[in-house]
$ cat protein_15.cif   # mmCIF, C-alpha atoms
data_upload
#
loop_
_atom_site.group_PDB
_atom_site.id
_atom_site.type_symbol
_atom_site.label_atom_id
_atom_site.label_comp_id
_atom_site.auth_asym_id
_atom_site.auth_seq_id
_atom_site.Cartn_x
_atom_site.Cartn_y
_atom_site.Cartn_z
ATOM 1 C CA MET A 5 0.000 0.000 0.000
ATOM 2 C CA ARG A 6 3.011 2.307 0.359
ATOM 3 C CA LYS A 7 3.373 2.585 -3.417
ATOM 4 C CA VAL A 8 -0.365 3.194 -3.839
ATOM 5 C CA ASP A 9 -0.122 5.927 -1.208
ATOM 6 C CA SER A 10 2.825 7.450 -3.092
ATOM 7 C CA PHE A 11 0.874 7.339 -6.367
ATOM 8 C CA LEU A 12 -2.106 9.098 -4.781
ATOM 9 C CA ALA A 13 0.096 11.692 -3.039
ATOM 10 C CA GLU A 14 1.810 12.503 -6.344
ATOM 11 C CA THR A 15 -1.583 12.775 -8.032
ATOM 12 C CA GLN A 16 -2.698 15.201 -5.308
ATOM 13 C CA ARG A 17 0.519 17.184 -5.692
ATOM 14 C CA LEU A 18 0.096 17.705 -9.431
ATOM 15 C CA GLU A 19 -3.666 17.492 -9.872
ATOM 16 C CA GLY A 20 -5.219 18.547 -6.585
ATOM 17 C CA VAL A 21 -8.692 20.031 -6.855
ATOM 18 C CA LEU A 22 -7.772 23.540 -5.716
ATOM 19 C CA THR A 23 -4.809 25.520 -7.023
ATOM 20 C CA SER A 24 -4.832 27.759 -3.945
ATOM 21 C CA SER A 25 -5.894 27.098 -0.398
ATOM 22 C CA VAL A 26 -5.146 27.850 3.218
ATOM 23 C CA GLN A 27 -7.008 31.128 3.222
ATOM 24 C CA ARG A 28 -6.660 33.099 6.406
ATOM 25 C CA LYS A 29 -7.994 36.466 7.435
ATOM 26 C CA ALA A 30 -5.384 39.130 8.142
ATOM 27 C CA MET A 31 -6.207 40.312 11.657
ATOM 28 C CA LYS A 32 -3.935 43.321 11.266
ATOM 29 C CA GLY A 33 -2.189 45.052 8.397
ATOM 30 C CA LEU A 34 1.078 43.495 7.310
ATOM 31 C CA ILE A 35 3.904 44.489 4.985
ATOM 32 C CA LEU A 36 5.982 41.594 3.628
ATOM 33 C CA SER A 37 9.747 41.734 3.085
ATOM 34 C CA ASP A 38 9.260 42.387 -0.641
ATOM 35 C CA GLY A 39 7.036 45.399 0.089
ATOM 36 C CA THR A 40 3.704 43.661 -0.551
ATOM 37 C CA CYS A 41 0.980 45.151 1.642
ATOM 38 C CA ILE A 42 -1.726 42.896 3.087
ATOM 39 C CA PRO A 43 -4.431 45.118 4.563
ATOM 40 C CA LYS A 44 -6.326 44.167 7.714
ATOM 41 C CA GLY A 45 -9.416 42.080 6.949
ATOM 42 C CA THR A 46 -8.231 40.629 3.612
ATOM 43 C CA HIS A 47 -8.137 36.900 2.884
ATOM 44 C CA PRO A 48 -4.842 36.207 1.093
ATOM 45 C CA PRO A 49 -4.752 32.705 -0.457
ATOM 46 C CA VAL A 50 -1.630 30.549 -0.483
ATOM 47 C CA PRO A 51 -0.858 29.382 -4.041
ATOM 48 C CA ARG A 52 -0.682 25.631 -3.416
ATOM 49 C CA TYR A 53 -0.111 25.059 -7.136
ATOM 50 C CA VAL A 54 3.174 27.006 -6.917
ATOM 51 C CA PHE A 55 4.377 25.241 -3.752
ATOM 52 C CA HIS A 56 3.546 21.774 -5.076
ATOM 53 C CA ARG A 57 5.439 22.426 -8.305
ATOM 54 C CA GLY A 58 8.488 24.133 -6.809
ATOM 55 C CA SER A 59 11.903 23.029 -8.057
ATOM 56 C CA ALA A 60 13.439 24.007 -4.707
ATOM 57 C CA VAL A 61 11.526 21.111 -3.124
ATOM 58 C CA TYR A 62 10.911 18.568 -5.892
ATOM 59 C CA ASP A 63 13.220 17.200 -8.589
ATOM 60 C CA LEU A 64 11.533 17.604 -11.985
ATOM 61 C CA PRO A 65 8.434 19.133 -10.355
ATOM 62 C CA GLY A 66 6.293 19.149 -13.512
ATOM 63 C CA VAL A 67 6.813 15.452 -14.190
ATOM 64 C CA PHE A 68 4.434 12.851 -12.744
ATOM 65 C CA ASN A 69 6.521 10.364 -10.743
ATOM 66 C CA PRO A 70 4.236 7.833 -9.025
ATOM 67 C CA SER A 71 7.104 6.640 -6.798
ATOM 68 C CA ARG A 72 8.216 10.138 -5.734
ATOM 69 C CA PHE A 73 6.923 9.975 -2.152
ATOM 70 C CA SER A 74 7.882 6.345 -1.517
ATOM 71 C CA GLN A 75 11.403 7.162 -2.771
ATOM 72 C CA LEU A 76 11.558 10.186 -0.456
ATOM 73 C CA SER A 77 10.679 8.001 2.514
ATOM 74 C CA ASP A 78 13.234 5.377 1.394
ATOM 75 C CA ASP A 79 15.945 8.029 1.059
ATOM 76 C CA GLY A 80 15.108 10.004 4.191
ATOM 77 C CA GLY A 81 13.811 7.212 6.389
ATOM 78 C CA GLU A 82 10.895 9.323 7.616
ATOM 79 C CA SER A 83 8.009 7.435 5.996
ATOM 80 C CA ALA A 84 5.198 9.135 7.950
ATOM 81 C CA GLY A 85 6.253 12.549 6.621
ATOM 82 C CA HIS A 86 5.824 11.427 3.012
ATOM 83 C CA GLN A 87 2.387 9.814 3.167
ATOM 84 C CA MET A 88 -0.622 11.160 1.308
ATOM 85 C CA VAL A 89 -2.188 12.366 4.576
ATOM 86 C CA ALA A 90 0.990 14.102 5.779
ATOM 87 C CA VAL A 91 0.904 17.877 5.900
ATOM 88 C CA THR A 92 4.113 19.890 5.647
ATOM 89 C CA GLN A 93 5.033 23.424 4.584
ATOM 90 C CA ASP A 94 5.826 22.046 1.125
ATOM 91 C CA TYR A 95 2.915 19.599 0.699
ATOM 92 C CA PHE A 96 -0.533 20.561 1.953
ATOM 93 C CA PRO A 97 -3.355 19.195 -0.232
ATOM 94 C CA PHE A 98 -5.564 18.997 2.865
ATOM 95 C CA ARG A 99 -4.754 22.530 4.036
ATOM 96 C CA TYR A 100 -2.326 23.344 6.822
ATOM 97 C CA GLY A 101 -2.074 24.219 10.491
ATOM 98 C CA LYS A 102 -4.901 23.926 12.983
ATOM 99 C CA HIS A 103 -7.450 23.972 10.133
ATOM 100 C CA VAL A 104 -6.044 20.856 8.431
ATOM 101 C CA CYS A 105 -8.769 18.497 7.198
ATOM 102 C CA SER A 106 -9.561 15.952 9.888
ATOM 103 C CA GLY A 107 -11.235 13.719 7.273
ATOM 104 C CA ARG A 108 -8.037 13.270 5.259
ATOM 105 C CA PHE A 109 -7.401 9.824 6.763
ATOM 106 C CA LEU A 110 -10.866 8.622 5.742
ATOM 107 C CA ALA A 111 -10.477 10.194 2.280
ATOM 108 C CA ALA A 112 -7.108 8.484 1.733
ATOM 109 C CA ASN A 113 -8.431 5.091 2.825
ATOM 110 C CA GLU A 114 -11.511 5.452 0.610
ATOM 111 C CA LEU A 115 -9.350 6.349 -2.396
ATOM 112 C CA LYS A 116 -7.025 3.410 -1.775
ATOM 113 C CA THR A 117 -9.971 1.034 -1.431
ATOM 114 C CA MET A 118 -11.632 2.282 -4.621
ATOM 115 C CA LEU A 119 -8.395 2.160 -6.585
ATOM 116 C CA ALA A 120 -7.624 -1.370 -5.360
ATOM 117 C CA HIS A 121 -11.131 -2.533 -6.326
ATOM 118 C CA ILE A 122 -10.893 -1.017 -9.803
ATOM 119 C CA LEU A 123 -7.414 -2.434 -10.437
ATOM 120 C CA MET A 124 -8.437 -5.907 -9.285
ATOM 121 C CA TRP A 125 -11.705 -6.221 -11.171
ATOM 122 C CA TYR A 126 -11.594 -3.943 -14.225
ATOM 123 C CA ASP A 127 -9.569 -3.135 -17.311
ATOM 124 C CA VAL A 128 -9.583 0.638 -17.788
ATOM 125 C CA LYS A 129 -8.643 2.696 -20.825
ATOM 126 C CA PHE A 130 -9.371 5.988 -22.514
ATOM 127 C CA GLU A 131 -11.944 5.490 -25.245
ATOM 128 C CA ASP A 132 -10.453 7.755 -27.927
ATOM 129 C CA ARG A 133 -6.985 8.622 -26.621
ATOM 130 C CA VAL A 134 -3.546 7.175 -26.206
ATOM 131 C CA SER A 135 -2.157 9.787 -23.797
ATOM 132 C CA ARG A 136 -3.482 11.454 -20.668
ATOM 133 C CA PRO A 137 -5.844 14.368 -21.328
ATOM 134 C CA THR A 138 -5.015 17.845 -20.053
ATOM 135 C CA SER A 139 -6.805 19.089 -16.944
ATOM 136 C CA ILE A 140 -8.960 22.202 -17.120
ATOM 137 C CA HIS A 141 -8.385 25.295 -14.994
ATOM 138 C CA TRP A 142 -11.780 26.680 -14.053
ATOM 139 C CA ASP A 143 -13.134 29.628 -12.072
ATOM 140 C CA SER A 144 -10.222 32.031 -12.534
ATOM 141 C CA ASN A 145 -7.690 29.159 -12.307
ATOM 142 C CA VAL A 146 -8.713 28.342 -8.727
ATOM 143 C CA ILE A 147 -10.217 24.926 -9.461
ATOM 144 C CA LEU A 148 -8.476 22.191 -11.449
ATOM 145 C CA ILE A 149 -10.800 19.586 -12.966
ATOM 146 C CA ALA A 150 -10.529 16.605 -15.282
ATOM 147 C CA ASP A 151 -11.789 17.178 -18.809
ATOM 148 C CA PRO A 152 -15.487 16.156 -18.639
ATOM 149 C CA THR A 153 -15.588 15.339 -22.373
ATOM 150 C CA VAL A 154 -13.056 12.499 -22.079
ATOM 151 C CA ARG A 155 -14.644 9.083 -22.121
ATOM 152 C CA ILE A 156 -13.204 6.187 -20.132
ATOM 153 C CA THR A 157 -14.065 2.539 -20.730
ATOM 154 C CA PHE A 158 -14.326 0.069 -17.850
ATOM 155 C CA ARG A 159 -14.473 -3.620 -18.790
ATOM 156 C CA LYS A 160 -15.133 -6.105 -16.001
ATOM 157 C CA ARG A 161 -12.594 -8.888 -15.980
ATOM 158 C CA THR A 162 -13.805 -12.465 -15.926
ATOM 159 C CA THR A 163 -10.811 -13.407 -13.746
ATOM 160 C CA ASN A 164 -8.428 -11.274 -11.767
#

$ encode --input "protein_15.cif" --output "structure tokens"
Amino acid sequence: MRKVDSFLAETQRLEGVLTSSVQRKAMKGLILSDGTCIPKGTHPPVPRYVFHRGSAVYDLPGVFNPSRFSQLSDDGGESAGHQMVAVTQDYFPFRYGKHVCSGRFLAANELKTMLAHILMWYDVKFEDRVSRPTSIHWDSNVILIADPTVRITFRKRTTN
């Protein structure tokens, strides 16, 4: 299941539903080191898309590597910090801090169960494509969705 977890974490890193998250309300005015002013009462979003694709953190950040997180835990020895449900300053698909999603453990287990069921019992392929379709940025690039026009064929296997 470690490799499945790594696959799902990498999918979340590159294709998470929201491109920005972790919105907080500025309780007082703030001027950042680069001169950017954040007025009191604003809700500045954190660009998760930028963090999850940063070359300072990830080697070849734009390339899908399903073993990325399992390799990180093999190299660093800290396996819990590289799981799909882990939340760090560099990887936060379930938000960050005290507002982190408490349902992330259930979500991860549900995804793993569904994926295992599909892989065991079905052959899956794109109906009219050879390569992966491009995702769609929607609602001012805040939401990333799969192309709804792409058709996928599921064929139940007679034996697994």

$ resolve_selection --input "protein_15.cif" --expression "the PyMOL selection byres ((chain A and resi 26-36) around 8)" --output "PyMOL selection string"
chain A and resi 24-25+37-50+99-100

$ resolve_selection --input "protein_15.cif" --expression "the PyMOL selection byres ((chain A and resi 108) around 10)" --output "number ranges by chain"
A: 88-90, 97-99, 104-107, 109-114

$ residues_near_point --input "protein_15.cif" --point "(0.8, 3.1, 2.8)" --cutoff "10 Å" --atoms "all atoms listed in the file" --output "PDB file with C-alpha atoms, keeping the file's coordinate frame"
ATOM      1  CA  MET A   5       0.000   0.000   0.000  1.00  0.00           C
ATOM      2  CA  ARG A   6       3.011   2.307   0.359  1.00  0.00           C
ATOM      3  CA  LYS A   7       3.373   2.585  -3.417  1.00  0.00           C
ATOM      4  CA  VAL A   8      -0.365   3.194  -3.839  1.00  0.00           C
ATOM      5  CA  ASP A   9      -0.122   5.927  -1.208  1.00  0.00           C
ATOM      6  CA  SER A  10       2.825   7.450  -3.092  1.00  0.00           C
ATOM      7  CA  SER A  74       7.882   6.345  -1.517  1.00  0.00           C
ATOM      8  CA  SER A  83       8.009   7.435   5.996  1.00  0.00           C
ATOM      9  CA  ALA A  84       5.198   9.135   7.950  1.00  0.00           C
ATOM     10  CA  HIS A  86       5.824  11.427   3.012  1.00  0.00           C
ATOM     11  CA  GLN A  87       2.387   9.814   3.167  1.00  0.00           C
ATOM     12  CA  MET A  88      -0.622  11.160   1.308  1.00  0.00           C
ATOM     13  CA  VAL A  89      -2.188  12.366   4.576  1.00  0.00           C
ATOM     14  CA  ALA A 112      -7.108   8.484   1.733  1.00  0.00           C
ATOM     15  CA  ASN A 113      -8.431   5.091   2.825  1.00  0.00           C
ATOM     16  CA  LYS A 116      -7.025   3.410  -1.775  1.00  0.00           C
TER      17      LYS A 116
END

$ residues_around --input "protein_15.cif" --residues "Arg17 (chain A)" --least-positions-apart "2" --cutoff "8 Å" --atoms "only C-alpha atoms" --output "list in words"
Ala13, Glu14, Thr15, Glu19, Gly20, His56, Arg57, Tyr95 and Pro97 of chain A

$ write_last_selection --input "protein_15.cif" --atoms "C-alpha atoms" --output "PDB file, keeping the file's coordinate frame"
ATOM      1  CA  ALA A  13       0.096  11.692  -3.039  1.00  0.00           C
ATOM      2  CA  GLU A  14       1.810  12.503  -6.344  1.00  0.00           C
ATOM      3  CA  THR A  15      -1.583  12.775  -8.032  1.00  0.00           C
ATOM      4  CA  GLU A  19      -3.666  17.492  -9.872  1.00  0.00           C
ATOM      5  CA  GLY A  20      -5.219  18.547  -6.585  1.00  0.00           C
ATOM      6  CA  HIS A  56       3.546  21.774  -5.076  1.00  0.00           C
ATOM      7  CA  ARG A  57       5.439  22.426  -8.305  1.00  0.00           C
ATOM      8  CA  TYR A  95       2.915  19.599   0.699  1.00  0.00           C
ATOM      9  CA  PRO A  97      -3.355  19.195  -0.232  1.00  0.00           C
TER      10      PRO A  97
END

$ atom_distance --input "protein_15.cif" --atom1 "CA of Lys160 (chain A)" --atom2 "CA of Asp127 (chain A)"
6.4 Å

$ atom_distance --input "protein_15.cif" --atom1 "CA of Phe68 (chain A)" --atom2 "CA of Tyr53 (chain A)"
14.2 Å

$ residues_near_point --input "protein_15.cif" --point "(2.3, 25.3, 0.2)" --cutoff "6 Å" --atoms "all atoms listed in the file" --output "PyMOL selection string"
chain A and resi 52+55+93-96

$ write_last_selection --input "protein_15.cif" --atoms "C-alpha atoms" --output "compact mmCIF listing (two decimals), in the coordinates of the input"
# COMPACT_ATOMS: atom_id res chain seq x y z
CA ARG A 52 -0.68 25.63 -3.42
CA PHE A 55 4.38 25.24 -3.75
CA GLN A 93 5.03 23.42 4.58
CA ASP A 94 5.83 22.05 1.12
CA TYR A 95 2.92 19.60 0.70
CA PHE A 96 -0.53 20.56 1.95

$ closest_residue --input "protein_15.cif" --among "A:Val91, A:Val128, A:Ile140, A:Val134" --to "Phe158 (chain A)" --atoms "all atoms listed in the file"
A:Val128

$ atom_distance --input "protein_15.cif" --atom1 "CA of Met118 (chain A)" --atom2 "CA of Thr153 (chain A)"
22.4 Å

$ resolve_selection --input "protein_15.cif" --expression "the PyMOL selection byres ((chain A and resi 151) around 9)" --output "tab-separated table (two decimals) with C-alpha atoms, keeping the file's coordinate frame"
chain	number	residue	atom	x	y	z
A	137	PRO	CA	-5.84	14.37	-21.33
A	138	THR	CA	-5.01	17.84	-20.05
A	139	SER	CA	-6.80	19.09	-16.94
A	140	ILE	CA	-8.96	22.20	-17.12
A	149	ILE	CA	-10.80	19.59	-12.97
A	150	ALA	CA	-10.53	16.60	-15.28
A	152	PRO	CA	-15.49	16.16	-18.64
A	153	THR	CA	-15.59	15.34	-22.37
A	154	VAL	CA	-13.06	12.50	-22.08
